>>> print(open('work-v4.cif').read())   # mmCIF, C-alpha atoms
data_data
#
loop_
_atom_site.label_atom_id
_atom_site.label_comp_id
_atom_site.auth_asym_id
_atom_site.auth_seq_id
_atom_site.Cartn_x
_atom_site.Cartn_y
_atom_site.Cartn_z
CA MET V 13 69.07 -9.66 51.67
CA ARG V 14 72.28 -11.45 51.07
CA GLU V 15 72.82 -13.86 48.23
CA GLU V 16 73.15 -16.84 50.56
CA ASN V 17 69.85 -15.93 52.20
CA ILE V 18 68.11 -15.80 48.83
CA ILE V 19 69.55 -19.16 47.88
CA LYS V 20 68.49 -20.53 51.24
CA HIS V 21 64.92 -19.31 50.74
CA LEU V 22 64.75 -20.61 47.20
CA SER V 23 66.01 -24.01 48.33
CA THR V 24 63.12 -24.25 50.78
CA LEU V 25 60.68 -24.01 47.86
CA LYS V 26 61.62 -27.54 46.89
CA SER V 27 59.94 -28.83 50.02
CA ILE V 28 56.58 -27.16 49.25
CA GLN V 29 53.90 -29.67 48.33
CA PRO V 30 50.28 -28.98 47.36
CA ASP V 31 47.77 -30.21 49.88
CA ALA V 32 45.21 -32.79 48.92
CA ASP V 33 42.35 -30.33 48.51
CA PHE V 34 44.35 -28.12 46.22
CA ALA V 35 45.47 -31.06 44.10
CA ARG V 36 41.87 -32.12 43.73
CA SER V 37 40.66 -28.64 42.90
CA ALA V 38 43.47 -28.05 40.44
CA ARG V 39 42.52 -31.30 38.75
CA THR V 40 38.95 -30.07 38.61
CA THR V 41 39.99 -26.82 37.06
CA ILE V 42 42.29 -28.37 34.51
CA LEU V 43 39.78 -31.00 33.51
CA TYR V 44 36.96 -28.58 33.33
CA ARG V 45 38.72 -25.99 31.28
CA SER V 46 40.34 -28.45 28.94
CA GLU V 47 39.51 -27.96 25.28
CA PRO V 48 39.95 -30.48 22.46
CA ARG V 49 43.54 -30.18 21.39
CA SER V 50 44.40 -29.61 17.79
CA VAL V 51 47.30 -31.39 16.16
CA HIS V 52 49.01 -28.05 15.69
CA SER V 53 48.81 -27.05 19.34
CA PHE V 54 49.93 -30.50 20.39
CA GLY V 55 53.04 -30.16 18.24
CA LEU V 56 53.72 -26.72 19.60
CA ARG V 57 53.40 -27.95 23.14
CA GLN V 58 55.82 -30.76 22.46
CA SER V 59 58.35 -28.27 21.23
CA LEU V 60 58.55 -26.43 24.54
CA SER V 61 61.83 -26.92 26.26
CA SER V 62 61.98 -28.85 29.47
CA THR V 63 63.52 -25.81 31.15
CA LEU V 64 60.47 -23.74 30.45
CA SER V 65 58.17 -26.46 31.78
CA ILE V 66 60.12 -26.73 34.98
CA GLY V 67 60.05 -22.96 35.32
CA LEU V 68 56.27 -22.93 35.04
CA VAL V 69 55.96 -25.59 37.69
CA VAL V 70 58.18 -23.62 40.04
CA MET V 71 56.15 -20.47 39.40
CA LEU V 72 52.96 -22.35 40.19
CA PHE V 73 54.33 -23.54 43.52
CA VAL V 74 55.59 -20.06 44.39
CA PHE V 75 52.19 -18.65 43.54
CA VAL V 76 50.50 -21.19 45.76
CA ALA V 77 52.96 -20.46 48.54
CA ILE V 78 52.23 -16.72 48.54
CA GLY V 79 48.52 -17.29 48.95
CA GLY V 80 47.03 -17.10 45.51
CA VAL V 81 45.13 -20.30 46.10
CA ALA V 82 41.77 -18.77 46.65
CA SER V 83 41.65 -16.81 43.44
CA VAL V 84 42.96 -19.73 41.45
CA LEU V 85 40.25 -21.97 42.80
CA ARG V 86 37.37 -19.62 42.69
CA THR V 87 37.58 -17.64 39.49
CA PRO V 88 37.58 -20.42 36.93
CA ILE V 89 34.25 -21.86 38.04
CA SER V 90 32.26 -18.67 37.78
CA PRO V 91 32.16 -18.22 34.03
CA THR V 92 31.86 -21.90 33.29
CA LEU V 93 29.49 -23.33 35.92
CA SER V 94 27.15 -20.37 36.01
CA GLY V 95 24.17 -22.47 37.03
CA VAL V 96 25.52 -23.51 40.42
CA ASP V 97 27.84 -20.57 41.01
CA GLU V 98 27.12 -19.33 44.51
CA ALA V 99 27.69 -15.63 43.85
CA SER V 100 25.45 -15.68 40.80
CA LEU V 101 22.77 -17.61 42.69
CA ALA V 102 22.86 -15.28 45.68
CA SER V 103 22.63 -12.24 43.44
CA GLU V 104 19.71 -13.62 41.46
CA ALA V 105 17.92 -14.77 44.61
CA GLY V 106 18.25 -11.30 46.12
CA SER V 107 16.95 -9.71 42.96
CA VAL V 108 14.03 -12.14 42.72
CA ASN V 109 13.05 -11.60 46.36
CA GLN V 110 13.14 -7.84 45.90
CA THR V 111 11.08 -8.06 42.71
CA ILE V 112 8.50 -10.28 44.39
CA ASP V 113 8.20 -7.95 47.38
CA THR V 114 7.74 -4.98 45.04
CA HIS V 115 5.05 -6.78 43.06
CA LEU V 116 3.19 -7.83 46.20
CA LYS V 117 3.35 -4.32 47.63
CA ASP V 118 1.89 -3.00 44.40
CA VAL V 119 -1.26 -5.08 44.88
CA ALA V 120 -1.36 -4.98 48.68
CA TYR V 121 -3.73 -2.03 49.01
CA THR V 122 -6.85 -0.67 47.43
CA PRO V 123 -8.84 2.38 48.57
CA GLY V 124 -11.07 1.83 51.56
CA ASP V 125 -8.71 -0.76 52.98
CA THR V 126 -8.43 0.91 56.37
CA ASN V 127 -6.86 -2.15 57.97
CA ARG V 128 -3.89 -1.80 55.68
CA LEU V 129 -3.37 1.82 56.71
CA ALA V 130 -3.59 0.96 60.37
CA MET V 131 -1.23 -1.99 60.00
CA ALA V 132 1.44 -0.20 58.01
CA ALA V 133 4.65 -0.13 60.00
CA PRO V 134 6.42 3.21 60.35
CA ASP V 135 9.32 2.10 58.18
CA GLU V 136 7.18 0.34 55.61
CA SER V 137 6.90 2.07 52.27
CA ILE V 138 3.42 2.59 50.93
CA ASN V 139 2.05 1.87 47.51
CA PRO V 140 0.75 4.64 45.19
CA ASP V 141 -2.91 4.17 46.09
CA GLU V 142 -2.14 4.51 49.78
CA GLU V 143 -0.24 7.70 49.10
CA ILE V 144 -3.15 9.11 47.08
CA ASP V 145 -5.64 8.31 49.83
CA LEU V 146 -3.40 9.87 52.46
CA LEU V 147 -3.19 13.06 50.39
CA LEU V 148 -6.97 13.17 50.10
CA THR V 149 -7.31 12.61 53.84
CA GLN V 150 -4.90 15.44 54.48
CA ALA V 151 -6.76 17.70 52.06
CA LYS V 152 -10.01 16.93 53.80
CA GLY V 153 -8.41 17.79 57.14
CA TYR V 154 -7.63 21.38 56.17
CA MET G 23 2.41 30.21 73.62
CA LYS G 24 -0.58 29.82 71.38
CA LEU G 25 -1.97 26.36 70.83
CA SER G 26 -1.43 26.55 67.09
CA THR G 27 2.21 27.48 67.61
CA LYS G 28 2.63 24.40 69.80
CA TYR G 29 1.16 22.26 67.03
CA PHE G 30 3.59 23.74 64.56
CA ILE G 31 6.58 22.99 66.79
CA LEU G 32 5.33 19.48 67.50
CA ALA G 33 4.74 18.86 63.81
CA ALA G 34 8.22 20.09 62.96
CA LEU G 35 9.77 17.85 65.60
CA LEU G 36 7.80 14.85 64.37
CA ALA G 37 8.76 15.54 60.78
CA LEU G 38 12.40 15.44 61.80
CA THR G 39 12.20 12.35 63.95
CA VAL G 40 9.80 9.97 62.21
CA PRO G 41 9.98 8.40 58.74
CA ALA G 42 8.24 10.29 55.97
CA THR G 43 5.67 7.58 55.38
CA TYR G 44 4.64 7.61 59.01
CA ALA G 45 4.48 11.35 58.95
CA GLN G 46 1.84 11.01 56.27
CA SER G 47 -0.47 8.97 58.45
CA MET G 48 -3.97 10.26 58.97
CA ASP G 49 -3.40 11.22 62.60
CA PHE G 50 -0.40 13.25 61.69
CA ALA G 51 -2.21 14.89 58.79
CA GLN G 52 -4.88 16.11 61.17
CA LEU G 53 -2.30 17.20 63.71
CA THR G 54 -0.44 19.44 61.26
CA VAL G 55 -3.44 21.63 60.48
CA PRO G 56 -2.76 24.97 62.16
CA GLU G 57 -5.80 26.52 63.71
CA ASP G 58 -4.89 30.07 62.78
CA MET G 59 -4.84 29.48 59.03
CA THR G 60 -7.00 31.89 57.13
CA PRO G 61 -9.84 30.46 55.02
CA GLU G 62 -7.91 31.49 51.90
CA GLU G 63 -4.87 29.55 53.08
CA ARG G 64 -6.97 26.50 53.90
CA LEU G 65 -8.64 26.65 50.50
CA ALA G 66 -5.29 26.91 48.74
CA LYS G 67 -3.91 23.99 50.75
CA LYS G 68 -6.94 21.83 50.05
CA ILE G 69 -6.70 22.53 46.32
CA GLU G 70 -2.96 21.88 46.32
CA LEU G 71 -3.23 18.53 48.10
CA THR G 72 -6.24 17.38 46.08
CA THR G 73 -4.59 18.32 42.80
CA ASP G 74 -1.51 16.40 43.87
CA ALA G 75 -3.65 13.38 44.75
CA LEU G 76 -5.48 13.49 41.40
CA GLU G 77 -2.27 13.81 39.41
CA LYS G 78 -0.80 10.84 41.28
CA ALA G 79 -4.04 8.93 40.71
CA ASN G 80 -3.78 9.60 36.97
CA GLU G 81 -0.16 8.40 37.00
CA ARG G 82 -1.20 5.25 38.85
CA VAL G 83 -3.85 4.47 36.26
CA LEU G 84 -1.52 5.16 33.33
CA GLU G 85 0.99 2.80 34.92
CA MET G 86 -1.70 0.11 35.11
CA VAL G 87 -2.62 0.65 31.47
CA THR G 88 1.01 0.39 30.39
CA LYS G 89 1.47 -2.84 32.33
CA LEU G 90 -1.70 -4.30 30.86
CA GLU G 91 -0.73 -3.33 27.33
CA VAL G 92 2.66 -5.06 27.45
CA ILE G 93 1.19 -8.41 28.51
CA GLU G 94 1.50 -10.74 25.56
CA LEU G 95 -1.57 -12.86 25.00
CA GLU G 96 -2.66 -14.98 22.09
CA LYS G 97 -5.09 -13.50 19.64
CA ASP G 98 -8.77 -14.32 19.86
CA THR G 99 -8.54 -15.57 23.43
CA VAL G 100 -10.76 -14.79 26.36
CA GLU G 101 -7.76 -13.52 28.27
CA LEU G 102 -6.99 -10.95 25.58
CA GLU G 103 -10.59 -9.86 25.49
CA LEU G 104 -10.62 -9.40 29.26
CA ARG G 105 -7.30 -7.55 29.16
CA ASP G 106 -8.69 -5.09 26.62
CA LYS G 107 -11.77 -4.50 28.74
CA LEU G 108 -9.60 -3.82 31.77
CA ILE G 109 -7.59 -1.27 29.78
CA GLU G 110 -10.82 0.40 28.71
CA ARG G 111 -11.99 0.46 32.32
CA ALA G 112 -8.72 1.96 33.54
CA LYS G 113 -8.97 4.75 31.01
CA GLY G 114 -12.38 5.53 32.47
CA TYR G 115 -10.69 6.26 35.79
CA ASN G 116 -8.48 8.81 34.05
CA ALA G 117 -11.55 10.48 32.63
CA PHE G 118 -13.08 10.77 36.11
CA TYR G 119 -9.92 12.24 37.62
CA ASP G 120 -9.58 14.72 34.74
CA THR G 121 -13.14 15.88 35.37
CA LYS G 122 -12.34 16.49 39.02
CA LEU G 123 -9.16 18.36 38.12
CA GLU G 124 -11.22 20.67 35.95
CA ALA G 125 -13.74 21.14 38.76
CA LEU G 126 -10.96 22.11 41.13
CA LEU G 127 -9.87 24.86 38.78
CA VAL G 128 -13.19 26.65 39.15
CA ALA G 129 -13.83 25.88 42.83
CA GLN G 130 -14.15 29.08 44.84
CA THR G 131 -14.93 27.95 48.36
CA ILE G 132 -13.78 25.41 50.90
CA GLU G 133 -17.21 23.78 50.79
CA GLU G 134 -17.00 23.29 47.02
CA VAL G 135 -13.57 21.69 47.34
CA ASP G 136 -14.79 19.47 50.18
CA VAL G 137 -17.59 18.23 47.94
CA ILE G 138 -15.04 17.39 45.24
CA ILE G 139 -12.79 15.61 47.75
CA ASN G 140 -15.71 13.59 49.09
CA ASP G 141 -16.71 12.65 45.54
CA ILE G 142 -13.20 11.44 44.81
CA ILE G 143 -12.96 9.44 48.03
CA ALA G 144 -16.35 7.85 47.45
CA TYR G 145 -15.43 7.01 43.86
CA ARG G 146 -12.12 5.49 44.87
CA GLU G 147 -13.61 3.42 47.68
CA GLY G 148 -16.43 2.24 45.45
CA GLU G 149 -16.02 1.87 41.72
CA TYR G 150 -12.26 2.32 41.59
CA ALA G 151 -11.41 -0.04 44.48
CA SER G 152 -13.21 -3.05 43.03
CA GLY G 153 -12.12 -2.33 39.47
CA ALA G 154 -8.51 -1.61 40.34
CA LYS G 155 -8.34 -4.78 42.41
CA GLU G 156 -9.28 -6.81 39.34
CA ILE G 157 -6.75 -4.97 37.20
CA LEU G 158 -3.95 -5.42 39.72
CA GLU G 159 -4.77 -9.10 40.12
CA PHE G 160 -4.68 -9.54 36.36
CA ILE G 161 -1.27 -7.87 36.18
CA LEU G 162 -0.02 -9.95 39.11
CA VAL G 163 -1.14 -13.22 37.58
CA TYR G 164 -0.43 -12.56 33.89
CA SER G 165 2.67 -10.39 34.09
CA TYR G 166 4.49 -10.33 37.42
CA THR G 167 4.27 -14.02 38.31
CA PRO G 168 5.07 -15.45 34.84
CA SER G 169 8.22 -13.33 34.60
CA VAL G 170 9.48 -14.63 37.95
CA LEU G 171 8.56 -18.21 37.06
CA ALA G 172 10.39 -17.93 33.74
CA LEU G 173 13.55 -16.81 35.51
CA ALA G 174 13.31 -19.71 37.97
CA ASP G 175 12.75 -22.13 35.07
CA GLN G 176 15.93 -20.88 33.39
CA ARG G 177 17.94 -21.18 36.59
CA LEU G 178 16.80 -24.75 37.20
CA GLN G 179 17.74 -25.73 33.64
CA SER G 180 21.13 -24.12 34.08
CA ILE G 181 21.71 -26.02 37.34
CA LEU G 182 20.63 -29.29 35.70
CA GLN G 183 23.12 -28.72 32.87
CA ASP G 184 25.97 -27.99 35.28
CA VAL G 185 25.25 -31.04 37.42
CA ALA G 186 25.09 -33.24 34.31
CA ARG G 187 28.43 -31.88 33.08
CA LEU G 188 30.10 -32.44 36.44
CA GLU G 189 28.74 -35.97 36.55
CA GLY G 190 30.08 -36.54 33.04
CA LEU G 191 33.51 -35.41 34.19
CA GLU G 192 33.21 -37.73 37.19
CA LEU G 193 33.77 -34.80 39.53
CA ILE G 194 30.63 -35.54 41.48
CA GLU G 195 28.98 -38.83 42.26
CA PRO G 196 26.21 -39.85 39.87
CA ASN G 197 22.78 -38.97 41.26
CA ALA G 198 24.33 -37.22 44.27
CA PHE G 199 22.04 -34.23 43.78
CA VAL G 200 18.93 -36.06 42.71
CA PRO G 201 17.05 -35.41 45.99
CA ARG G 202 17.80 -31.68 45.81
CA ILE G 203 16.89 -31.44 42.16
CA ASP G 204 13.68 -33.36 42.69
CA GLU G 205 12.73 -31.10 45.56
CA ALA G 206 13.38 -28.03 43.42
CA LYS G 207 11.34 -29.44 40.54
CA THR G 208 8.43 -30.19 42.86
CA ILE G 209 8.40 -26.66 44.30
CA LEU G 210 8.69 -25.06 40.88
CA GLN G 211 5.84 -27.19 39.55
CA LYS G 212 3.73 -26.19 42.55
CA ALA G 213 4.44 -22.52 41.83
CA HIS G 214 3.35 -23.02 38.21
CA ASP G 215 0.21 -24.85 39.31
CA LEU G 216 -0.73 -22.08 41.71
CA ARG G 217 -0.37 -19.50 38.95
CA VAL G 218 -2.56 -21.57 36.64
CA GLN G 219 -5.14 -21.85 39.41
CA ALA G 220 -4.99 -18.07 39.93
CA ALA G 221 -5.49 -17.48 36.21
CA THR G 222 -8.36 -19.93 36.11
CA LEU G 223 -9.98 -18.25 39.07
CA ILE G 224 -9.65 -14.83 37.42
CA MET G 225 -11.44 -16.09 34.38
CA ASP G 226 -14.06 -17.88 36.46
CA ASN G 227 -14.70 -14.80 38.58
CA TYR G 228 -14.73 -12.18 35.89
CA ALA G 229 -15.69 -13.87 32.67
CA ALA G 230 -19.33 -14.14 33.66
CA SER G 231 -19.63 -10.47 34.53
CA LEU G 232 -17.43 -8.98 31.83
CA LEU G 233 -17.58 -11.38 28.93
CA VAL G 234 -19.91 -13.75 27.23
CA LEU G 235 -17.99 -16.98 27.15
CA PRO G 236 -18.95 -19.75 24.78
CA ASN G 237 -19.93 -22.79 26.84
CA GLN G 238 -17.42 -24.95 25.01
CA GLU G 239 -14.51 -22.76 26.12
CA ILE G 240 -15.58 -22.94 29.72
CA GLU G 241 -15.80 -26.73 29.48
CA THR G 242 -12.36 -26.92 27.87
CA GLN G 243 -10.85 -24.87 30.66
CA ALA G 244 -12.47 -27.05 33.26
CA THR G 245 -10.91 -30.18 31.78
CA THR G 246 -7.42 -28.79 31.24
CA THR G 247 -6.83 -26.91 34.46
CA PRO G 248 -6.91 -28.00 38.08
CA VAL G 249 -10.31 -28.04 39.69
CA ILE G 250 -10.65 -25.22 42.17
CA VAL G 251 -13.03 -25.14 45.06
CA SER G 252 -13.94 -21.49 45.14
CA THR G 253 -14.21 -20.16 48.66
CA PRO G 254 -14.22 -16.54 49.79
CA GLU G 255 -10.71 -16.92 51.19
CA ILE G 256 -9.14 -18.14 47.96
CA THR G 257 -8.49 -15.28 45.56
CA PRO G 258 -6.30 -14.94 42.49
CA LYS G 259 -4.13 -12.58 44.48
CA LEU G 260 -3.70 -15.10 47.30
CA LEU G 261 -2.82 -17.90 44.87
CA ALA G 262 -0.34 -15.71 43.02
CA GLU G 263 1.22 -14.66 46.32
CA GLN G 264 1.58 -18.32 47.27
CA SER G 265 3.17 -19.02 43.90
CA LEU G 266 5.69 -16.21 44.37
CA ASN G 267 6.46 -17.32 47.91
CA GLU G 268 7.19 -20.81 46.57
CA ILE G 269 9.74 -19.21 44.27
CA LYS G 270 11.40 -17.56 47.26
CA ALA G 271 11.71 -21.00 48.90
CA LEU G 272 12.95 -22.45 45.62
CA TYR G 273 15.83 -20.00 45.43
CA GLN G 274 16.91 -20.99 48.92
CA ILE G 275 17.20 -24.57 47.64
CA PHE G 276 19.11 -23.35 44.59
CA ILE G 277 21.59 -21.57 46.85
CA GLU G 278 22.02 -24.62 49.07
CA THR G 279 22.55 -26.78 45.98
CA GLY G 280 25.24 -24.41 44.75
CA GLN G 281 26.94 -24.54 48.14
CA GLU G 282 26.88 -28.35 48.17
CA VAL G 283 28.30 -28.54 44.67
CA GLY G 284 31.08 -26.19 45.71
CA GLU G 285 31.85 -28.27 48.78
CA THR G 286 31.88 -31.45 46.75
CA LEU G 287 34.35 -29.91 44.32
CA GLY G 288 36.44 -28.63 47.22
CA ILE G 289 36.22 -24.99 46.27
CA ASN G 290 34.44 -23.76 49.42
#
>>> encode(input="work-v4.cif", output="structure tokens")
Amino acid sequence: MREENIIKHLSTLKSIQPDADFARSARTTILYRSEPRSVHSFGLRQSLSSTLSIGLVVMLFVFVAIGGVASVLRTPISPTLSGVDEASLASEAGSVNQTIDTHLKDVAYTPGDTNRLAMAAPDESINPDEEIDLLLTQAKGY
Amino acid sequence: MKLSTKYFILAALLALTVPATYAQSMDFAQLTVPEDMTPEERLAKKIELTTDALEKANERVLEMVTKLEVIELEKDTVELELRDKLIERAKGYNAFYDTKLEALLVAQTIEEVDVIINDIIAYREGEYASGAKEILEFILVYSYTPSVLALADQRLQSILQDVARLEGLELIEPNAFVPRIDEAKTILQKAHDLRVQAATLIMDNYAASLLVLPNQEIETQATTTPVIVSTPEITPKLLAEQSLNEIKALYQIFIETGQEVGETLGIN
């Protein structure tokens, strides 16, 4: 790529603007992650050169332009808003459902419950008591 | 081709094409018995299968005992007393199975083994079935269900904290999620109530037959727990199942709440 092409591409970055949703989400992220600032850190921040600040802003826009939006928006909320985090909720819900089904299967059958044996679907796993009774039935059959 | 050979081929084909659990069904078990087996082979097979069944039965009982033992109950309570009696009862099942294992070791004929098998089946369908049902219900109501309810309680509290923080930051409208939260609280409370009813029913059903309850304790329970109209259809197991199914519905609401919060924050 020629130098003039690079300059041309870089100049187009000036026209990139964040959309409204991103601005709102970025505000959410910044507000949410903000910590009480110490006097020391405030002084340090003030000492940063304006060149560096501008550079960071440019990097942010470039990052947004190359599609890093999703990860920027999604990752910060997970460790901080764990209660309403969708991935965490879905995982826990799946685990709870599986646990409940296992518990209910464990108490679903007792010996002599012939209806249960007849109703068991081919792909349905059986509980230990069912397995024991089936072994005894097989043994009796020999 | 001999008939027994056909059975063998059919059994092999079925074993390859149907799930293992289905292959263990009673019909299939009868189908797999080859007619040309010698009496010695039949005896050996009977002993093998019965021994396997008894060992699994012992494992099942030990599992019940372990689950009963880890349930934390307050000292000097009726629940603890009942729990201990259930453990004692379960150990009695082990003793029966051990006796039958010993009998199998000295069995010499098919008829002797058949007698043992019939004894085991009769025992399991009689004494064991009713006793194990009580044990499993106790575990369901005092161990399984409370652990699931505790997890749901924690999740609701965590959601409440997050919503409060977001409201404090003015990122969501105040009270925007009140209907959802209220719905979740109602369902969770219902799940707790159902578990309490199941526990009360267990004590009502079994205390009279297993324990001598002081009248005062019975009266105290009656005044502090929901009144239950005992009908044949309502069992501790049914109530506990309903409680757990409420938790399944509750988690669906939790997920929807999380989605709505995400949409409100513009991150979905």
>>> residues_around(input="work-v4.cif", residues="segment 200-210 of chain G", least_positions_apart="4", cutoff="10 Å", atoms="all atoms listed in the file", output="list in words")
Leu171, Ala174, Asp175, Leu178, Ile181, Leu182, Val185, Pro196, His214, Asp215, Leu216, Ser265, Leu266, Glu268, Ile269, Ala271, Leu272, Tyr273, Gln274, Ile275, Phe276, Glu278, Thr279 and Glu282 of chain G
>>> atom_distance(input="work-v4.cif", atom1="atom CA of Gln110 of chain V", atom2="atom CA of Lys270 of chain G")
10.0 Å
>>> interface_residues(input="work-v4.cif", of="chain V", to="chain G", cutoff="6 Å", atoms="all atoms listed in the file", output="count of residues only")
19
>>> atom_distance(input="work-v4.cif", atom1="atom CA of Asp141 of chain V", atom2="atom CA of Thr222 of chain G")
26.6 Å
>>> atom_distance(input="work-v4.cif", atom1="atom CA of Gln219 of chain G", atom2="atom CA of Val100 of chain G")
15.9 Å
